[in-house]
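Participant: My file is final36.cif. It has mmCIF, C-alpha atoms (C1' of nucleotides) and all ligand atoms:
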data_protein
loop_
_atom_site.label_atom_id
_atom_site.label_comp_id
_atom_site.auth_asym_id
_atom_site.auth_seq_id
_atom_site.Cartn_x
_atom_site.Cartn_y
_atom_site.Cartn_z
CA MET W 1 76.92 119.86 113.89
CA PRO W 2 75.07 122.02 111.45
CA LEU W 3 73.98 120.01 108.46
CA ALA W 4 74.62 116.30 108.76
CA ALA W 5 72.60 114.64 111.48
CA PRO W 6 74.50 112.18 113.65
CA SER W 7 74.01 109.05 111.61
CA ALA W 8 73.46 105.43 112.43
CA GLU W 9 75.07 103.55 109.60
CA THR W 10 75.90 99.94 109.12
CA LEU W 11 79.09 98.63 110.62
CA GLY W 12 79.96 95.29 109.25
CA PHE W 13 76.38 94.18 109.24
CA ALA W 14 75.19 95.76 112.49
CA ARG W 15 73.82 99.23 113.18
CA HIS W 16 75.59 101.71 115.41
CA ASP W 17 76.33 105.38 115.93
CA HIS W 18 78.99 105.90 113.34
CA ASN W 19 80.27 109.38 114.14
CA HIS W 20 80.93 108.30 117.66
CA CYS W 21 82.66 105.08 116.67
CA VAL W 22 85.07 106.86 114.33
CA SER W 23 86.18 109.53 116.75
CA GLU W 24 86.47 107.07 119.59
CA ALA W 25 88.61 104.71 117.56
CA LEU W 26 90.88 107.56 116.49
CA GLU W 27 91.37 108.71 120.05
CA ALA W 28 92.14 105.20 121.19
CA ALA W 29 94.68 104.82 118.40
CA GLU W 30 96.30 108.10 119.33
CA GLU W 31 96.64 106.98 122.90
CA ARG W 32 97.97 103.55 122.02
CA CYS W 33 100.60 105.05 119.76
CA ALA W 34 101.73 107.46 122.44
CA ASP W 35 102.09 104.61 124.91
CA ALA W 36 103.97 102.43 122.46
CA GLY W 37 106.23 105.17 121.19
CA LEU W 38 104.76 104.99 117.69
CA ARG W 39 104.41 108.09 115.56
CA PHE W 40 100.80 108.65 114.64
CA THR W 41 101.54 111.14 111.88
CA PRO W 42 98.91 113.08 109.92
CA VAL W 43 98.98 110.71 106.94
CA ARG W 44 98.63 107.65 109.14
CA ARG W 45 95.91 109.24 111.19
CA ARG W 46 93.96 110.32 108.16
CA ALA W 47 94.39 106.90 106.52
CA LEU W 48 92.90 105.23 109.56
CA GLU W 49 90.10 107.76 109.62
CA ILE W 50 89.34 107.01 105.98
CA LEU W 51 89.11 103.30 106.71
CA LEU W 52 86.90 103.97 109.71
CA GLU W 53 84.55 106.26 107.83
CA GLU W 54 83.52 103.52 105.46
CA HIS W 55 82.94 100.28 107.23
CA ARG W 56 84.08 98.29 104.28
CA ALA W 57 87.30 97.23 102.66
CA LEU W 58 89.07 99.90 100.64
CA GLY W 59 91.78 99.35 98.08
CA ALA W 60 95.09 101.14 98.57
CA TYR W 61 94.28 103.33 95.60
CA ASP W 62 90.89 104.26 97.05
CA VAL W 63 92.68 105.47 100.16
CA LEU W 64 95.29 107.22 98.05
CA GLU W 65 92.60 109.07 96.15
CA ARG W 66 91.13 110.48 99.35
CA LEU W 67 94.57 111.37 100.69
CA GLN W 68 95.36 113.23 97.50
CA GLU W 69 92.26 115.38 97.86
CA GLU W 70 93.82 116.75 101.01
CA GLY W 71 97.40 117.10 99.85
CA LEU W 72 98.62 114.24 102.00
CA GLY W 73 100.84 112.36 99.62
CA ALA W 74 100.20 112.04 95.93
CA GLN W 75 101.85 108.75 94.98
CA PRO W 76 101.08 105.10 95.69
CA PRO W 77 103.92 104.67 98.18
CA ALA W 78 102.32 107.23 100.48
CA ALA W 79 99.16 105.16 100.79
CA TYR W 80 100.98 101.84 101.06
CA ARG W 81 103.26 103.17 103.77
CA ALA W 82 100.40 104.43 105.87
CA LEU W 83 98.43 101.24 105.39
CA ASP W 84 101.46 99.08 106.17
CA PHE W 85 101.90 100.98 109.41
CA LEU W 86 98.26 100.48 110.35
CA VAL W 87 98.36 96.77 109.57
CA ALA W 88 101.71 96.20 111.27
CA ASN W 89 100.44 97.79 114.46
CA GLY W 90 97.03 96.18 114.54
CA PHE W 91 94.88 99.17 113.61
CA ALA W 92 93.79 97.64 110.34
CA HIS W 93 93.75 94.35 108.48
CA ARG W 94 94.44 93.38 104.94
CA ILE W 95 91.80 91.31 103.17
CA GLU W 96 93.74 89.13 100.76
CA ARG W 97 90.72 88.05 98.81
CA LEU W 98 89.98 91.66 97.89
CA ASN W 99 93.44 93.20 97.86
CA ALA W 100 91.96 95.68 100.26
CA PHE W 101 92.19 97.08 103.77
CA ILE W 102 89.74 97.54 106.60
CA ALA W 103 89.91 99.12 110.04
CA CYS W 104 90.18 96.62 112.88
CA THR W 105 87.14 96.42 115.13
CA GLN W 106 89.08 95.39 118.22
CA PRO W 107 92.47 97.07 118.02
CA GLY W 108 94.76 96.52 120.92
CA GLU W 109 93.38 93.11 121.68
CA ASP W 110 95.38 90.13 120.49
CA HIS W 111 93.10 88.25 118.14
CA VAL W 112 92.95 86.12 115.02
CA PRO W 113 90.65 88.04 112.74
CA ALA W 114 88.21 86.37 110.38
CA PHE W 115 86.14 88.11 107.76
CA LEU W 116 82.72 87.68 106.27
CA ILE W 117 82.71 89.14 102.78
CA CYS W 118 79.43 89.71 100.97
CA ARG W 119 79.97 89.09 97.29
CA THR W 120 76.98 91.20 96.33
CA CYS W 121 77.15 94.42 98.31
CA GLY W 122 80.85 94.22 99.13
CA ARG W 123 80.45 94.87 102.83
CA VAL W 124 82.84 93.12 105.17
CA ALA W 125 82.38 92.14 108.81
CA GLU W 126 85.20 91.22 111.14
CA THR W 127 84.76 88.43 113.63
CA VAL W 128 87.22 86.14 115.34
CA ALA W 129 88.50 82.76 114.31
CA MET W 130 88.82 79.98 116.80
CA PRO W 131 92.29 80.14 118.27
CA GLY W 132 94.23 76.91 118.31
CA LYS W 133 91.40 74.46 117.98
CA GLY W 134 91.14 73.93 114.25
CA VAL W 135 92.12 70.93 112.22
CA ILE W 136 94.67 73.13 110.56
CA GLU W 137 96.59 73.53 113.76
CA ALA W 138 96.48 69.77 114.26
CA ALA W 139 97.78 69.11 110.76
CA ALA W 140 100.46 71.71 111.27
CA GLY W 141 101.54 70.14 114.54
CA ALA W 142 101.71 66.69 112.96
CA THR W 143 104.12 67.82 110.26
CA GLY W 144 106.16 70.10 112.47
CA PHE W 145 104.91 73.24 110.77
CA ARG W 146 105.02 76.27 113.06
CA ILE W 147 102.07 78.55 112.36
CA GLU W 148 102.70 82.24 112.83
CA ARG W 149 99.59 83.71 111.35
CA VAL W 150 96.27 82.37 110.12
CA LEU W 151 94.12 84.02 107.53
CA VAL W 152 90.40 83.25 107.46
CA GLU W 153 88.08 84.84 104.93
CA ALA W 154 84.56 83.65 104.20
CA GLU W 155 82.67 84.65 101.08
CA GLY W 156 78.92 84.59 100.73
CA LEU W 157 75.81 86.67 101.11
CA CYS W 158 75.02 88.94 104.03
CA ALA W 159 71.56 88.81 105.58
CA ASP W 160 70.28 91.74 103.53
CA CYS W 161 71.52 90.30 100.26
CA VAL W 162 70.14 86.85 101.09
CA THR W 163 66.72 88.46 101.50
CA GLU W 164 67.13 90.36 98.24
CA ALA W 165 68.12 87.23 96.38
CA GLY W 166 65.51 85.06 98.00
CA ARG W 167 62.58 86.97 96.57
CA MET Z 1 114.56 56.04 82.37
CA PRO Z 2 118.08 56.76 81.25
CA LEU Z 3 119.48 59.67 83.18
CA ALA Z 4 117.15 60.94 85.86
CA ALA Z 5 116.52 58.37 88.52
CA PRO Z 6 112.91 58.00 89.58
CA SER Z 7 112.86 60.67 92.19
CA ALA Z 8 111.38 60.97 95.61
CA GLU Z 9 110.78 64.66 95.99
CA THR Z 10 108.92 66.65 98.53
CA LEU Z 11 105.19 67.01 98.15
CA GLY Z 12 103.87 69.63 100.42
CA PHE Z 13 106.26 68.68 103.18
CA ALA Z 14 106.15 64.89 102.79
CA ARG Z 15 108.23 62.62 100.59
CA HIS Z 16 106.75 60.57 97.79
CA ASP Z 17 107.35 59.16 94.34
CA HIS Z 18 106.83 62.23 92.24
CA ASN Z 19 106.82 60.85 88.70
CA HIS Z 20 104.11 58.44 89.61
CA CYS Z 21 101.98 61.03 91.37
CA VAL Z 22 101.98 63.38 88.39
CA SER Z 23 100.96 60.84 85.80
CA GLU Z 24 98.36 59.35 88.06
CA ALA Z 25 96.77 62.70 88.80
CA LEU Z 26 96.67 63.56 85.10
CA GLU Z 27 94.97 60.30 84.23
CA ALA Z 28 92.43 60.79 86.97
CA ALA Z 29 91.71 64.30 85.73
CA GLU Z 30 91.29 63.03 82.19
CA GLU Z 31 88.79 60.48 83.36
CA ARG Z 32 86.86 62.88 85.53
CA CYS Z 33 86.56 65.37 82.68
CA ALA Z 34 85.31 62.69 80.33
CA ASP Z 35 82.67 61.67 82.84
CA ALA Z 36 81.58 65.25 83.49
CA GLY Z 37 81.56 66.27 79.85
CA LEU Z 38 84.38 68.76 80.36
CA ARG Z 39 86.93 69.41 77.67
CA PHE Z 40 90.38 68.61 78.96
CA THR Z 41 92.19 70.45 76.19
CA PRO Z 42 95.97 70.46 75.65
CA VAL Z 43 96.45 73.84 77.32
CA ARG Z 44 94.43 72.83 80.35
CA ARG Z 45 96.11 69.48 80.57
CA ARG Z 46 99.55 71.00 80.31
CA ALA Z 47 98.72 73.69 82.85
CA LEU Z 48 97.69 71.07 85.36
CA GLU Z 49 100.81 69.07 84.59
CA ILE Z 50 102.92 72.15 85.23
CA LEU Z 51 101.29 72.68 88.61
CA LEU Z 52 101.75 69.03 89.46
CA GLU Z 53 105.40 68.95 88.44
CA GLU Z 54 106.33 71.49 91.04
CA HIS Z 55 104.61 70.80 94.29
CA ARG Z 56 104.41 74.45 95.12
CA ALA Z 57 102.34 77.46 94.27
CA LEU Z 58 103.03 79.00 90.87
CA GLY Z 59 102.00 82.44 89.71
CA ALA Z 60 99.90 82.72 86.58
CA TYR Z 61 102.85 84.24 84.78
CA ASP Z 62 105.10 81.36 85.83
CA VAL Z 63 102.63 78.98 84.24
CA LEU Z 64 102.34 81.21 81.20
CA GLU Z 65 106.09 81.20 80.75
CA ARG Z 66 106.17 77.42 80.62
CA LEU Z 67 103.20 77.28 78.27
CA GLN Z 68 104.89 79.73 75.94
CA GLU Z 69 107.96 77.54 75.68
CA GLU Z 70 105.73 74.94 74.07
CA GLY Z 71 103.66 77.20 71.87
CA LEU Z 72 100.54 76.77 73.94
CA GLY Z 73 99.26 80.29 74.21
CA ALA Z 74 101.41 83.37 74.32
CA GLN Z 75 99.36 85.91 76.27
CA PRO Z 76 98.20 86.22 79.87
CA PRO Z 77 94.58 85.29 79.13
CA ALA Z 78 95.67 81.86 77.94
CA ALA Z 79 97.17 81.06 81.32
CA TYR Z 80 94.36 82.64 83.30
CA ARG Z 81 91.73 80.75 81.32
CA ALA Z 82 93.41 77.43 81.86
CA LEU Z 83 93.92 78.12 85.55
CA ASP Z 84 90.36 79.32 85.97
CA PHE Z 85 89.15 76.09 84.45
CA LEU Z 86 91.27 74.04 86.82
CA VAL Z 87 90.13 76.00 89.85
CA ALA Z 88 86.48 76.02 88.84
CA ASN Z 89 86.49 72.27 88.46
CA GLY Z 90 88.43 71.41 91.56
CA PHE Z 91 91.73 70.39 89.98
CA ALA Z 92 93.62 73.28 91.49
CA HIS Z 93 93.30 75.97 94.13
CA ARG Z 94 94.17 79.61 94.22
CA ILE Z 95 96.30 80.80 97.14
CA GLU Z 96 95.17 84.36 97.75
CA ARG Z 97 98.06 85.22 100.00
CA LEU Z 98 100.51 84.44 97.21
CA ASN Z 99 98.49 85.34 94.14
CA ALA Z 100 99.35 81.85 93.01
CA PHE Z 101 97.94 78.48 92.08
CA ILE Z 102 98.58 74.95 93.22
CA ALA Z 103 97.33 71.53 92.15
CA CYS Z 104 94.73 70.05 94.45
CA THR Z 105 95.85 67.00 96.39
CA GLN Z 106 92.39 65.46 96.61
CA PRO Z 107 90.54 66.39 93.45
CA GLY Z 108 87.08 64.98 93.07
CA GLU Z 109 86.46 64.95 96.78
CA ASP Z 110 84.36 67.74 98.19
CA HIS Z 111 86.54 69.53 100.69
CA VAL Z 112 87.39 72.88 102.24
CA PRO Z 113 91.06 73.27 101.54
CA ALA Z 114 93.45 74.92 103.96
CA PHE Z 115 97.05 75.76 103.24
CA LEU Z 116 100.27 75.84 105.19
CA ILE Z 117 102.62 78.34 103.60
CA CYS Z 118 106.28 78.42 104.59
CA ARG Z 119 107.46 82.01 104.47
CA THR Z 120 111.08 80.96 104.09
CA CYS Z 121 111.22 78.25 101.47
CA GLY Z 122 107.90 79.06 99.83
CA ARG Z 123 106.57 75.51 99.87
CA VAL Z 124 102.88 75.02 100.38
CA ALA Z 125 101.00 72.05 101.83
CA GLU Z 126 97.30 71.46 101.43
CA THR Z 127 95.29 70.10 104.30
CA VAL Z 128 91.62 70.34 105.18
CA ALA Z 129 89.79 72.87 107.29
CA MET Z 130 87.15 71.76 109.70
CA PRO Z 131 83.82 72.02 107.93
CA GLY Z 132 81.04 73.76 109.80
CA LYS Z 133 82.48 73.71 113.26
CA GLY Z 134 84.37 76.96 113.49
CA VAL Z 135 83.49 80.11 115.34
CA ILE Z 136 83.22 81.81 111.98
CA GLU Z 137 80.26 79.69 111.01
CA ALA Z 138 78.64 80.49 114.35
CA ALA Z 139 79.15 84.21 113.90
CA ALA Z 140 77.86 83.97 110.36
CA GLY Z 141 74.75 82.13 111.50
CA ALA Z 142 74.06 84.70 114.20
CA THR Z 143 74.05 87.59 111.74
CA GLY Z 144 72.25 85.74 108.97
CA PHE Z 145 75.30 85.63 106.74
CA ARG Z 146 75.23 82.71 104.32
CA ILE Z 147 78.74 81.36 103.78
CA GLU Z 148 79.45 79.96 100.34
CA ARG Z 149 83.17 79.50 100.51
CA VAL Z 150 85.81 79.69 103.20
CA LEU Z 151 89.43 80.49 102.63
CA VAL Z 152 92.01 79.33 105.18
CA GLU Z 153 95.70 80.03 104.74
CA ALA Z 154 98.29 79.68 107.48
CA GLU Z 155 101.70 81.30 107.26
CA GLY Z 156 104.73 80.16 109.19
CA LEU Z 157 107.76 77.93 109.04
CA CYS Z 158 107.80 74.37 107.79
CA ALA Z 159 109.61 71.72 109.84
CA ASP Z 160 112.80 72.00 107.78
CA CYS Z 161 112.93 75.75 108.06
CA VAL Z 162 112.20 75.68 111.78
CA THR Z 163 115.25 73.45 112.20
CA GLU Z 164 117.34 75.77 110.05
CA ALA Z 165 116.25 78.80 112.02
CA GLY Z 166 116.63 77.11 115.39
CA ARG Z 167 120.35 76.64 115.09
"C1'" DG N 1 77.57 67.06 53.53
"C1'" DC N 2 76.24 71.56 55.49
"C1'" DT N 3 74.54 74.72 59.10
"C1'" DT N 4 74.46 76.47 63.24
"C1'" DG N 5 75.41 77.31 67.90
"C1'" DT N 6 78.56 76.87 71.71
"C1'" DG N 7 82.66 76.87 73.84
"C1'" DA N 8 87.74 77.44 73.41
"C1'" DT N 9 91.56 80.08 71.74
"C1'" DG N 10 94.24 84.11 69.72
"C1'" DT N 11 95.39 88.89 70.31
"C1'" DT N 12 95.45 93.61 71.59
"C1'" DA N 13 95.24 96.78 74.73
"C1'" DC N 14 94.64 98.30 79.10
"C1'" DA N 15 93.44 98.47 84.29
"C1'" DC N 16 94.72 97.57 88.73
"C1'" DT N 17 98.06 96.41 92.44
"C1'" DA N 18 102.52 96.88 94.45
"C1'" DT N 19 107.46 97.89 95.13
"C1'" DA N 20 112.54 99.40 94.26
"C1'" DC N 21 115.13 103.17 94.63
"C1'" DC N 22 116.99 107.57 95.74
"C1'" DA N 23 116.52 112.32 97.52
"C1'" DT N 24 114.82 115.13 101.16
"C1'" DT N 25 112.81 116.36 105.36
"C1'" DT N 26 111.66 115.68 110.20
"C1'" DA N 27 111.99 113.94 114.70
"C1'" DT N 28 115.01 111.87 118.46
"C1'" DG N 29 118.53 111.55 121.45
"C1'" DA N 30 123.56 111.79 122.74
"C1'" DT S 1 124.57 120.97 118.07
"C1'" DC S 2 125.29 117.11 115.67
"C1'" DA S 3 124.61 112.36 114.47
"C1'" DT S 4 121.18 109.01 113.71
"C1'" DA S 5 117.03 107.01 112.53
"C1'" DA S 6 112.46 107.45 110.85
"C1'" DA S 7 109.19 109.34 107.79
"C1'" DT S 8 107.98 111.45 103.47
"C1'" DG S 9 108.33 112.98 98.48
"C1'" DG S 10 108.77 111.43 94.04
"C1'" DT S 11 109.98 108.67 89.79
"C1'" DA S 12 109.85 104.84 87.54
"C1'" DT S 13 108.77 100.26 86.88
"C1'" DA S 14 107.40 95.55 88.13
"C1'" DG S 15 103.73 92.31 88.80
"C1'" DT S 16 98.91 90.79 88.46
"C1'" DG S 17 94.57 90.49 86.11
"C1'" DT S 18 90.69 91.61 82.51
"C1'" DA S 19 87.71 93.73 78.84
"C1'" DA S 20 86.72 93.24 74.37
"C1'" DC S 21 86.61 91.37 69.99
"C1'" DA S 22 88.06 88.20 66.25
"C1'" DT S 23 88.72 83.58 65.06
"C1'" DC S 24 88.70 78.71 65.38
"C1'" DA S 25 87.20 73.83 66.68
"C1'" DC S 26 83.71 70.86 67.68
"C1'" DA S 27 79.24 68.61 68.23
"C1'" DA S 28 74.35 68.36 67.23
"C1'" DG S 29 70.80 68.65 64.01
"C1'" DC S 30 69.19 69.42 59.26
ZN ZN W 201 90.94 92.99 114.11
ZN ZN W 202 75.43 92.06 101.04
ZN ZN W 203 92.15 70.48 97.33
ZN ZN W 204 110.23 76.01 104.59
#
Re-express the file's structure as C-alpha cells.
Facilitator:
Amino acid sequence: MPLAAPSAETLGFARHDHNHCVSEALEAAEERCADAGLRFTPVRRRALEILLEEHRALGAYDVLERLQEEGLGAQPPAAYRALDFLVANGFAHRIERLNAFIACTQPGEDHVPAFLICRTCGRVAETVAMPGKGVIEAAAGATGFRIERVLVEAEGLCADCVTEAGR
Amino acid sequence: MPLAAPSAETLGFARHDHNHCVSEALEAAEERCADAGLRFTPVRRRALEILLEEHRALGAYDVLERLQEEGLGAQPPAAYRALDFLVANGFAHRIERLNAFIACTQPGEDHVPAFLICRTCGRVAETVAMPGKGVIEAAAGATGFRIERVLVEAEGLCADCVTEAGR
DNA sequence: GCTTGTGATGTTACACTATACCATTTATGA
DNA sequence: TCATAAATGGTATAGTGTAACATCACAAGC
C-alpha cells in the first residue's frame, strides 16, 4: 500500500477500519454466491464494491457514473440490473426515502432493516427493526393483512450534526 | 340522489359510508385551516377531495390530471404545491414506496402514521406506528441520533387478496 | 382609496429516476 | 455439440419532481 494509509472512516455513524471492511464483505459475498449458485459477475461485484466504499446511500446514477469510468456498462439498465441483483439477494438495500441504495451491514442474516438518515450530512446507518412486535403487525393481524416486508426509515440528525446545530 | 345510491365502499380495507366521510373530512379541514390561519384555496381543497374520493394512494400526476379537467392548474407544480400543502399540514401523507399520496385518516391528531400496502390490488390502509418504543429509537438513542420523523410502510396482501391467492 | 408586502398561482424548461423492449453474448447442462 | 437460460448491450421513452421567474390575489397599514 504505497500512498493511501489504511484509513479509519465513518461507517454509518461509527468508526472502523474501512479497507478491511470492504474487502471482507466482498469476499463473503463471493462465497455466498458460490454456495447459492448465484453469478457474482464483474458488474455486480464492482457495484457492491462501490456501495461498500462509501458508507452512504448512492443513487443508481451515481453508481452508473462510477461503472462507466471503468467500461462496465454505459446505460442506466446496467446499473439498475446490478443493484436489483444486490437487493434481491440481500447484499444491499434500497432506501425509498432517498431513491438510493446502500450496502447491507449484515448480509446473509435474515433481518428487517431499519435506517437512520441524517438530513444534514446525508449519512445513513443501518440498524434492525423489531421483528413482529409492533403495533403495525397487530393492526395487520386484526384486518387479515399478511405482511411480507416492512420498511422502516427514520429521518433526523446524527450525533455530529446535532452538535453542529446545537452551537 | 337520483342515480348513484349512497355507497358503502372500501376505506383502507374496511367498509363505510363514503359520501359522508368525504364531505365530513372536507368540512373539518376547512375549519382547521380557518383556525390555523391557513388558506384552504380551491386547488388545495379540490386536491384533498380527490384524495378522499379514492381511498387509495394517488400519484401526483393522477391528481394533476383530475385538476386539469377542471381548469385548476395545468402543470406539475400546481399539483405538487397543493399536495405539499396537504402533507405539510397533516391532511395527507406521502407513501414513499409508491411515490404517491393519500388522505390522512386522522387529521389534526398528532400521530406517526404507518401504512399497509397491498401489492396485488394496490389499496392502502393507514394505521399507527408505536411511538417511541421500537428498537429503532433505542439504536438511535445509543448513537446520539435525534429522530425527527419515522416512516413505516408494510407491503403484503390484504385479506381479500390473501383469499384470492389461497384458492 | 392606495401602497406595500406576502403568499399563492401560472408557466417554462429542465433534472432526476426508472423501465420496456429487442438484439447479442455468455454460461450451463443435456 | 446443441439447446436453454441467464446476463449484458443499447435505444428509446416513461414517470417523477423542481428551479426559476413572472404574475396575481389578498390583507394590513398608510
Ligand atoms: Zn441489511
Ligand atoms: Zn449528519
Ligand atoms: Zn394520518
Ligand atoms: Zn389487495
Participant: Select all residues from chain Z having any atom no more than 12 Å from an atom of chain S (counting only C-alpha atoms (C1' of nucleotides), ignoring ligands), output as JSON, numbers by chain.
Facilitator: {"Z": [39, 41, 59, 60, 61, 62, 75, 76, 77, 78, 79, 80, 81, 84, 96, 98, 99, 100]}
Participant: Would you mind telling me which residue in W:Ala25, W:Ala74, W:Cys104, W:Cys118 lies nearest to ligand ZN 201 (chain W) when using all atoms listed in the file?
Facilitator: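 Looking only at the distances to ligand ZN 201 (chain W), the closest residue turns out to be W:Cys104.
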Participant: Using the file's own x, y and z axes, what box holds all listed atoms of region 4-17 of chain S with 4 Å on each side, keeping edges along x, y and z, and what are its centre and edge lengths in Å to one decimal, as AutoDock Vina command-line options?
Facilitator:
--center_x 107.9 --center_y 101.7 --center_z 99.9 --size_x 34.6 --size_y 30.5 --size_z 35.6
Participant: Using only C-alpha atoms (C1' of nucleotides) and all ligand atoms, find each residue with an atom at most 6 Å away from ligand ZN 201 (chain W) and format the answer as JSON, numbers by chain.
Facilitator: {"W": [104, 105, 106, 107, 113]}
Participant: Given the choices W:His18, W:Leu38, W:Glu27, W:Ala154, which gets closest to chain N if the distance is worked out from all atoms listed in the file?
Facilitator: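 Between W:His18, W:Leu38, W:Glu27, W:Ala154, the residue approaching chain N most closely is W:Leu38.
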Participant: Give me, as a list in words, the residues of chain Z touching chain W, with the criterion being at most 6 Å (counting only C-alpha atoms).
Facilitator: Glu96, Arg97, Ala129, Met130, Val135, Ile136, Gly144, Phe145, Arg146, Ile147, Glu148, Arg149, Val150, Leu151, Val152, Glu153, Ala154, Glu155, Gly156, Leu157, Cys158 and Ala159 of chain Z
Participant: For a quick test of understanding: name the residues of chain N lying within 12 Å of chain W when counting all atoms listed in the file, and present them as number ranges by chain.
Facilitator: N: 16-21, 26-28
Participant: Would you mind reading off the distance between CA of Glu109 (chain W) and CA of His93 (chain W), one decimal, in Å?
Facilitator: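 Between CA of Glu109 (chain W) and CA of His93 (chain W) the gap works out to 13.3 Å.
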Participant: In Å to one decimal, how far is CA of Phe101 (chain W) from C1' of DA23 (chain N)?
Facilitator: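 Taking C1' of DA23 (chain N) and CA of Phe101 (chain W), their separation equals 29.4 Å.
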Participant: Have a look at W:Ala138, W:Cys33, W:Cys121, W:Ala88 and name the one nearest to ligand ZN 202 (chain W); count all atoms listed in the file.
Facilitator: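 That would be W:Cys121, the residue with the smallest distance to ligand ZN 202 (chain W).
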Participant: Between CA of Gly108 (chain W) and CA of Gly90 (chain W), what is the distance, to one decimal in Å?
Facilitator: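 Between these atoms lies a distance of 6.8 Å.
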Participant: Anything within 8 Å of (91.0, 102.6, 111.9): list those residues as a list in words, counting only C-alpha atoms (C1' of nucleotides) and sticking to the file's coordinates.
Facilitator: Val22, Ala25, Leu26, Ala29, Ala47, Leu48, Glu49, Ile50, Leu51, Leu52, Leu86, Phe91, Ala92, Ile102, Ala103, Cys104 and Thr105 of chain W
Participant: Save the residues we just selected, C-alpha atoms, as a tab-separated table (two decimals), in the coordinates of the input?
Facilitator:
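The file below, result03.tsv, is the result:
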chain	number	residue	atom	x	y	z
W	22	VAL	CA	85.07	106.86	114.33
W	25	ALA	CA	88.61	104.71	117.56
W	26	LEU	CA	90.88	107.56	116.49
W	29	ALA	CA	94.68	104.82	118.40
W	47	ALA	CA	94.39	106.90	106.52
W	48	LEU	CA	92.90	105.23	109.56
W	49	GLU	CA	90.10	107.76	109.62
W	50	ILE	CA	89.34	107.01	105.98
W	51	LEU	CA	89.11	103.30	106.71
W	52	LEU	CA	86.90	103.97	109.71
W	86	LEU	CA	98.26	100.48	110.35
W	91	PHE	CA	94.88	99.17	113.61
W	92	ALA	CA	93.79	97.64	110.34
W	102	ILE	CA	89.74	97.54	106.60
W	103	ALA	CA	89.91	99.12	110.04
W	104	CYS	CA	90.18	96.62	112.88
W	105	THR	CA	87.14	96.42	115.13
